[in-house]
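Student: Could you have a look at this structure, given as structure tokens, before my questions?
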Amino acid sequence: MNIMSEAAVEKALDQKMNTVPYKMIGKDVSVYYGEKRALFDVNLNIRENTVTALIGPSGCGKSTFLRTLNRMNDTIENCRVTGKITLDEDDIYDPTIDVVELRARVGMVFQKPNPFPKSIYDNVAYGPRIHGLARTKSEFDDVVETSLQKAGLWNEVKDRLQEPGTGLSGGQQQRLCIARAVAVSPEVILMDEPCSALDPIATAKVEELIHELRTNFTIVIVTHSMQQAARVSQRTAMFHLGNLVEENDTDKMFTNPDDQRTQDYIMGRFG
Amino acid sequence: MTDIASPAVRISTRPASAKRDIGIKRRYAAERRFRAYGIGAISLGLFFLALLLWTVFSNGYTAFQQTTITLPIEFTEKVIDPKGERTTDGKVLMTANYPLLVRDALIKQLGIDASKRPLVKQATDMVSASSRTLLRDIVVADPSVIGKTIPVTLLAEANVDSAFKGQIDLAVDQSKRKVKDQQVTWMNELASAGVLKKSFNTGIFTFGASSRPEAAGVGVAALGSLYMMLIVLVLSLPIGVAASIYLEEFAPKNRLTDLIEVNINNLAAVPSIVYGLLGLAVFINFAGMPRSAAVVGGLVLTLMTLPTIIIATRAALKAVPPSIRSAALGLGASKMQTIFHHVLPLAMPGILTGTIIGLAHALGETAPLLLIGMVAFVVDYPGSPMEPSTALPVQIYMWANEAERAFVERTSGAIIILLIFLVVMNLGAILLRRRFERRW
């Protein structure tokens, strides 16, 4: 986990974006669903402690790319991934890489809040339990508390940890899912449209949370909302029809993009 | 929108909206009609259910009462052990002339002259022949009763039982009925003396097979059914759930698994008697297992129940939202962990429902058991599933074939017991379901 102070990170992120090292490198990534090709030789690198937003019209392959980063595509039958993706120095599609271990390092938050039908406590404790990150009751208590605090949910739920996670509001459920992902201490957190099922207030809370989380985690977020991409991310990648159109600093992307298609999409001319 | 804003336009659209008005009444009428059909269908179902229950209960409730005769039996040493050999020869107590004790007590009670043989015969015919074993068991259990006089409650013979319950038309000439006028007189005499009365029939729950209705019960059959249910539960639940999990979660989707799936669906529709033939051929003739044994019945019923459980379990597994799987996989749970920690607990209510339906089905199954020899006259309780026994539905089937008047009510009584078995099982299923569902 990163030990840089928040201020230092902010500085690094805002001023020297191009010097931030890469956390994940995607080289010539193509994805096929059976005969259909969904991604065409995407070369996209994810910078450390940065929020990278993936934008683009529906069906452009941004979610598909996101899911290649922790091999969630493995669960889909007929899905085939070619090219190379590395996490630090490890090729994550190498046969020697254990997918369970990979997903402990690259966590994921889904579009629809999907807490387990268990208590709030058990939701958060589940990851540490299966990965053996905590052994005793007090260790579990600790990891649950810190994770919920990181997800900004602790104060709201600390008195009802034994109540079902499914009984929370939508926004709270999504933050519970983030806490659950954080509890495993991943290096990268993937978020697949985490706010699309939430109201504006809950969305604002989650966005604020993403902003805070970036000091400790590398975050990749898929979003349909241009404003959200502009608000939370430092880097933005634009996908179109399975191709990576442009990847740039978010500020530049939304003010003076290099590619005409990006310009058109951001202006709302298609999508 | 425009016609709200401007009245002029609205006027012009009126004919169109008038045309659109057609059919509203018809639509409501159609809906009412459909509801009436539905209510009709349900009423018909309820009517037949009520008819069934009424028939069974009105015929069967009397089976839970039994007429008994309590007589002071004098355990005379002269009759039981005339030569005083009981300490040296164990057979003496087993073979003693116990009916003579009953006869003596009865003629004393009724005040009949022992030399009038036809009268004495009529009197002793009123008491069940099962009295012999009853008295023998008393003496064998405690030989010190010899020489004493003890009141013993004996079962009335089935025809006296029926007559006392008012099931025999006494207006018919006595040559055409099994209970003679003299016996009816005695019966009423004994009843007014409080010697002969109706009491709760525990025998129907505990006795084994008997050709004498008053001494017949479903005890052996119930134990056989219980053995079989345990075998079915222990075998078919784990096998069925394991098969479903493999097919649903792990197996590749190809021609072979498609074929397996089609076959499982077909097996669920195979007539149960075919399973009986299979059991006869494989378990008894090939594997050499004992005939009439609950273990073979249990195995056959397991085979019959498996498709039901597999289909129900697969449906329950399929119904678990994919988001739960993604959540667990995304956290780095292995496929096994995902299934056993999350999917299976959520599918549990559905699995239990399927299992209980399968078990209830198996409990009421008769045809396959006939083929493996469970339709047998079994008097003694089976000590293990390897020993001969019968099953509840088979016992009902056998009693329904009996000619005696008193077996009619006992057949219905046994059906009531089977229904109670089923209701208890279903209640258990509902409670389990609630428990699993109430967790969240």
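Residue numbers start at 1 in each chain; chains themselves are named A, B, ... in the order of the structure tokens; ligands are numbered from 1 in the order shown.
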What's the 9 Å shell around region 221-236 of chain A, counting only C-alpha atoms, without same-chain residues fewer than 5 positions away, as a ChimeraX atom specification?
Tutor: /A:13-14,17,46-47,50-58,62-63,66,189-196,207-208,210-211,246-251,253-254,266
Student: Keeping only N, CA and C atoms, write the selected residues to a file as a compact mmCIF listing (two decimals), in the first residue's frame.
Tutor:
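After the write, out-v5.txt holds the following:
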# COMPACT_ATOMS: atom_id res chain seq x y z
N LEU A 13 -0.19 14.00 -8.70
CA LEU A 13 -1.26 13.76 -9.65
C LEU A 13 -1.53 14.99 -10.50
N ASP A 14 -1.58 16.12 -9.83
CA ASP A 14 -2.02 17.30 -10.56
C ASP A 14 -0.93 17.92 -11.42
N MET A 17 1.63 14.47 -13.90
CA MET A 17 0.90 13.28 -14.29
C MET A 17 1.74 12.35 -15.13
N ILE A 46 -2.56 2.03 -17.04
CA ILE A 46 -3.24 2.61 -15.88
C ILE A 46 -2.17 3.12 -14.94
N ARG A 47 -2.23 4.41 -14.58
CA ARG A 47 -1.21 4.97 -13.71
C ARG A 47 -1.54 4.75 -12.24
N THR A 50 -4.05 6.85 -9.38
CA THR A 50 -4.75 7.76 -10.26
C THR A 50 -6.14 7.21 -10.47
N VAL A 51 -7.09 8.10 -10.68
CA VAL A 51 -8.40 7.63 -11.10
C VAL A 51 -8.44 7.74 -12.61
N THR A 52 -8.59 6.59 -13.26
CA THR A 52 -8.69 6.58 -14.71
C THR A 52 -10.14 6.31 -15.08
N ALA A 53 -10.72 7.24 -15.85
CA ALA A 53 -12.12 7.05 -16.25
C ALA A 53 -12.15 6.47 -17.65
N LEU A 54 -13.03 5.48 -17.85
CA LEU A 54 -13.24 4.94 -19.19
C LEU A 54 -14.60 5.41 -19.65
N ILE A 55 -14.62 6.17 -20.75
CA ILE A 55 -15.89 6.68 -21.25
C ILE A 55 -16.11 6.19 -22.67
N GLY A 56 -17.32 6.41 -23.14
CA GLY A 56 -17.65 6.00 -24.50
C GLY A 56 -19.10 5.58 -24.58
N PRO A 57 -19.64 5.53 -25.78
CA PRO A 57 -21.05 5.15 -25.92
C PRO A 57 -21.27 3.69 -25.52
N SER A 58 -22.53 3.33 -25.33
CA SER A 58 -22.86 1.95 -24.93
C SER A 58 -22.33 0.95 -25.95
N LYS A 62 -15.86 -0.53 -23.13
CA LYS A 62 -15.16 -0.02 -21.94
C LYS A 62 -15.33 -0.96 -20.75
N SER A 63 -16.54 -1.50 -20.57
CA SER A 63 -16.74 -2.47 -19.48
C SER A 63 -15.97 -3.74 -19.75
N LEU A 66 -12.50 -3.19 -18.79
CA LEU A 66 -12.38 -3.16 -17.32
C LEU A 66 -12.33 -4.58 -16.77
N ILE A 189 -8.68 -0.86 -7.71
CA ILE A 189 -10.12 -1.09 -7.58
C ILE A 189 -10.78 -0.73 -8.90
N LEU A 190 -11.51 -1.68 -9.45
CA LEU A 190 -12.24 -1.45 -10.70
C LEU A 190 -13.68 -1.12 -10.34
N MET A 191 -14.21 -0.07 -10.97
CA MET A 191 -15.60 0.29 -10.70
C MET A 191 -16.35 0.36 -12.02
N ASP A 192 -17.41 -0.45 -12.10
CA ASP A 192 -18.19 -0.52 -13.34
C ASP A 192 -19.46 0.29 -13.17
N GLU A 193 -19.45 1.53 -13.61
CA GLU A 193 -20.59 2.45 -13.45
C GLU A 193 -21.15 2.38 -12.04
N PRO A 194 -20.36 2.71 -11.05
CA PRO A 194 -20.80 2.48 -9.67
C PRO A 194 -21.95 3.37 -9.25
N CYS A 195 -22.23 4.43 -9.99
CA CYS A 195 -23.26 5.35 -9.54
C CYS A 195 -24.51 5.31 -10.40
N SER A 196 -24.55 4.42 -11.37
CA SER A 196 -25.66 4.48 -12.32
C SER A 196 -26.99 4.12 -11.67
N GLU A 207 -18.69 9.68 -5.19
CA GLU A 207 -17.63 10.39 -5.92
C GLU A 207 -16.59 10.96 -4.96
N GLU A 208 -17.10 11.51 -3.87
CA GLU A 208 -16.19 12.04 -2.85
C GLU A 208 -15.29 10.93 -2.32
N ILE A 210 -14.44 8.16 -3.89
CA ILE A 210 -13.45 7.79 -4.91
C ILE A 210 -12.26 8.74 -4.83
N HIS A 211 -12.58 10.00 -4.68
CA HIS A 211 -11.54 11.03 -4.57
C HIS A 211 -10.60 10.72 -3.39
N GLU A 246 -8.81 7.62 -27.61
CA GLU A 246 -7.87 8.59 -27.08
C GLU A 246 -7.70 8.37 -25.59
N GLU A 247 -6.52 8.57 -25.09
CA GLU A 247 -6.29 8.51 -23.66
C GLU A 247 -5.47 9.73 -23.28
N ASN A 248 -5.93 10.48 -22.31
CA ASN A 248 -5.30 11.76 -22.04
C ASN A 248 -5.57 12.21 -20.62
N ASP A 249 -4.93 13.28 -20.20
CA ASP A 249 -5.29 13.91 -18.94
C ASP A 249 -6.74 14.37 -19.04
N THR A 250 -7.47 14.20 -17.95
CA THR A 250 -8.89 14.53 -17.99
C THR A 250 -9.12 15.98 -18.39
N ASP A 251 -8.30 16.87 -17.82
CA ASP A 251 -8.49 18.29 -18.12
C ASP A 251 -8.39 18.56 -19.62
N MET A 253 -8.65 16.36 -22.00
CA MET A 253 -9.68 15.61 -22.70
C MET A 253 -10.97 16.42 -22.84
N PHE A 254 -11.32 17.11 -21.78
CA PHE A 254 -12.61 17.80 -21.79
C PHE A 254 -12.51 19.23 -22.30
N ILE A 266 -18.11 14.11 -26.44
CA ILE A 266 -18.22 14.97 -25.26
C ILE A 266 -19.23 16.08 -25.50
Student: Provide as a ChimeraX atom specification the residues of chain B at most 7 Å from chain A, counting only C-alpha atoms.
Tutor: /B:323-324,327,330-334,440
Student: Would you write out those residues with C-alpha atoms, as a compact mmCIF listing (two decimals), in the first residue's frame?
Tutor:
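Output contents, as saved in result.txt:
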# COMPACT_ATOMS: atom_id res chain seq x y z
CA SER B 323 -24.80 -10.40 -9.16
CA ILE B 324 -24.14 -12.48 -6.03
CA ALA B 327 -19.64 -10.17 -6.08
CA GLY B 330 -14.81 -10.27 -7.72
CA LEU B 331 -13.61 -10.56 -4.14
CA GLY B 332 -11.36 -13.42 -5.10
CA ALA B 333 -13.51 -16.30 -3.91
CA SER B 334 -12.91 -19.51 -5.81
CA TRP B 440 -32.78 -12.30 5.38
Student: Mind pulling up the distance from CA of Ala251 (chain B) to CA of Ile339 (chain B)?
Tutor: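 Between these atoms lies a distance of 13.9 Å.
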Student: Can you pull out every residue within 9 Å of region 81-95 of chain A, counting only C-alpha atoms, but drop anything in the same chain fewer than 2 positions away, and send it as an MDAnalysis selection string?
Tutor: chainID A and resid 22:33 41:42 68:71 73:74 79 97:99 102 106
Student: Quick one: DSSP strand (DSSP E or B) residues in region 89-222 of chain A, as a list in words?
Tutor: Asp90, Asp91, Val106, Gly107, Met108, Val109, Ser119, Pro164, Val188, Ile189, Leu190, Met191, Asp192, Thr218, Ile219, Val220, Ile221 and Val222 of chain A
Student: Taking C-alpha atoms for each residue, export the selection above as a PDB file, in the first residue's frame.
Tutor:
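Contents of selection-v5.pdb, as written:
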ATOM      1  CA  ASP A  90       3.237  -9.819 -13.516  1.00  0.00           C
ATOM      2  CA  ASP A  91       1.454 -10.906 -16.660  1.00  0.00           C
ATOM      3  CA  VAL A 106      -7.541  -6.077  -8.228  1.00  0.00           C
ATOM      4  CA  GLY A 107     -10.905  -5.593  -6.532  1.00  0.00           C
ATOM      5  CA  MET A 108     -14.148  -4.762  -8.225  1.00  0.00           C
ATOM      6  CA  VAL A 109     -17.303  -2.739  -7.543  1.00  0.00           C
ATOM      7  CA  SER A 119     -25.028  -8.977   7.856  1.00  0.00           C
ATOM      8  CA  PRO A 164     -28.558  -7.380   6.829  1.00  0.00           C
ATOM      9  CA  VAL A 188      -6.359  -1.594  -7.867  1.00  0.00           C
ATOM     10  CA  ILE A 189     -10.116  -1.092  -7.577  1.00  0.00           C
ATOM     11  CA  LEU A 190     -12.239  -1.449 -10.698  1.00  0.00           C
ATOM     12  CA  MET A 191     -15.601   0.289 -10.699  1.00  0.00           C
ATOM     13  CA  ASP A 192     -18.188  -0.515 -13.340  1.00  0.00           C
ATOM     14  CA  THR A 218      -5.350   2.853  -8.145  1.00  0.00           C
ATOM     15  CA  ILE A 219      -8.853   3.261  -9.458  1.00  0.00           C
ATOM     16  CA  VAL A 220     -10.334   2.513 -12.865  1.00  0.00           C
ATOM     17  CA  ILE A 221     -13.907   3.660 -13.297  1.00  0.00           C
ATOM     18  CA  VAL A 222     -16.312   3.112 -16.166  1.00  0.00           C
TER      19      VAL A 222
END
Student: For Gln260 (chain A), please output as JSON, numbers by chain all residues within 12 Å (counting only C-alpha atoms; exclusion window: fewer than 3 positions along the same chain).
Tutor: {"A": [238, 240, 245, 246, 253, 254, 256, 257, 263, 264, 265, 266, 267, 269, 270]}
Student: Just the selected residues (N, CA and C atoms), exported as a short mmCIF file (atom, residue, chain, number, x, y, z; two decimals), in the first residue's frame, please.
Tutor:
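New file result-v3.cif:
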data_model
loop_
_atom_site.label_atom_id
_atom_site.label_comp_id
_atom_site.auth_asym_id
_atom_site.auth_seq_id
_atom_site.Cartn_x
_atom_site.Cartn_y
_atom_site.Cartn_z
N MET A 238 -11.11 7.21 -23.88
CA MET A 238 -12.36 7.21 -24.65
C MET A 238 -12.36 6.00 -25.58
N HIS A 240 -14.49 3.65 -28.53
CA HIS A 240 -15.56 3.71 -29.51
C HIS A 240 -15.49 2.48 -30.40
N VAL A 245 -9.98 5.27 -28.53
CA VAL A 245 -9.88 6.44 -29.40
C VAL A 245 -8.79 7.36 -28.91
N GLU A 246 -8.81 7.62 -27.61
CA GLU A 246 -7.87 8.59 -27.08
C GLU A 246 -7.70 8.37 -25.59
N MET A 253 -8.65 16.36 -22.00
CA MET A 253 -9.68 15.61 -22.70
C MET A 253 -10.97 16.42 -22.84
N PHE A 254 -11.32 17.11 -21.78
CA PHE A 254 -12.61 17.80 -21.79
C PHE A 254 -12.51 19.23 -22.30
N ASN A 256 -9.65 20.21 -24.71
CA ASN A 256 -9.05 20.27 -26.03
C ASN A 256 -8.61 18.87 -26.45
N PRO A 257 -9.57 17.99 -26.74
CA PRO A 257 -9.18 16.61 -27.06
C PRO A 257 -8.44 16.53 -28.40
N GLN A 263 -14.19 14.73 -29.20
CA GLN A 263 -14.84 16.04 -29.21
C GLN A 263 -16.35 15.88 -29.44
N ASP A 264 -16.70 15.09 -30.46
CA ASP A 264 -18.10 14.90 -30.81
C ASP A 264 -18.87 14.24 -29.67
N TYR A 265 -18.22 13.21 -29.07
CA TYR A 265 -18.91 12.48 -28.01
C TYR A 265 -19.13 13.38 -26.81
N ILE A 266 -18.11 14.11 -26.44
CA ILE A 266 -18.22 14.97 -25.26
C ILE A 266 -19.23 16.08 -25.50
N MET A 267 -19.32 16.54 -26.75
CA MET A 267 -20.29 17.58 -27.06
C MET A 267 -21.69 17.01 -27.20
N ARG A 269 -22.69 14.82 -29.63
CA ARG A 269 -23.16 14.66 -31.01
C ARG A 269 -23.45 13.21 -31.35
N PHE A 270 -22.89 12.27 -30.60
CA PHE A 270 -23.32 10.87 -30.75
C PHE A 270 -23.20 10.19 -29.40
#
Student: Enumerate the residues of region 52-218 of chain A with a DSSP assignment of alpha helix (DSSP H), computed from the backbone, and present them as a ChimeraX atom specification.
Tutor: /A:62-68,99-105,120-131,137-150,154-157,170-182,200-213
Student: Distance CA of Leu280 (chain B)-CA of Leu371 (chain B), one decimal place?
Tutor: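 Going from CA of Leu280 (chain B) over to CA of Leu371 (chain B), I get 6.6 Å.
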Student: Report, in Å to a single decimal, how far apart CA of Arg136 (chain B) and CA of Ile69 (chain B) are.
Tutor: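 CA of Arg136 (chain B) lies at a distance of 17.3 Å from CA of Ile69 (chain B).
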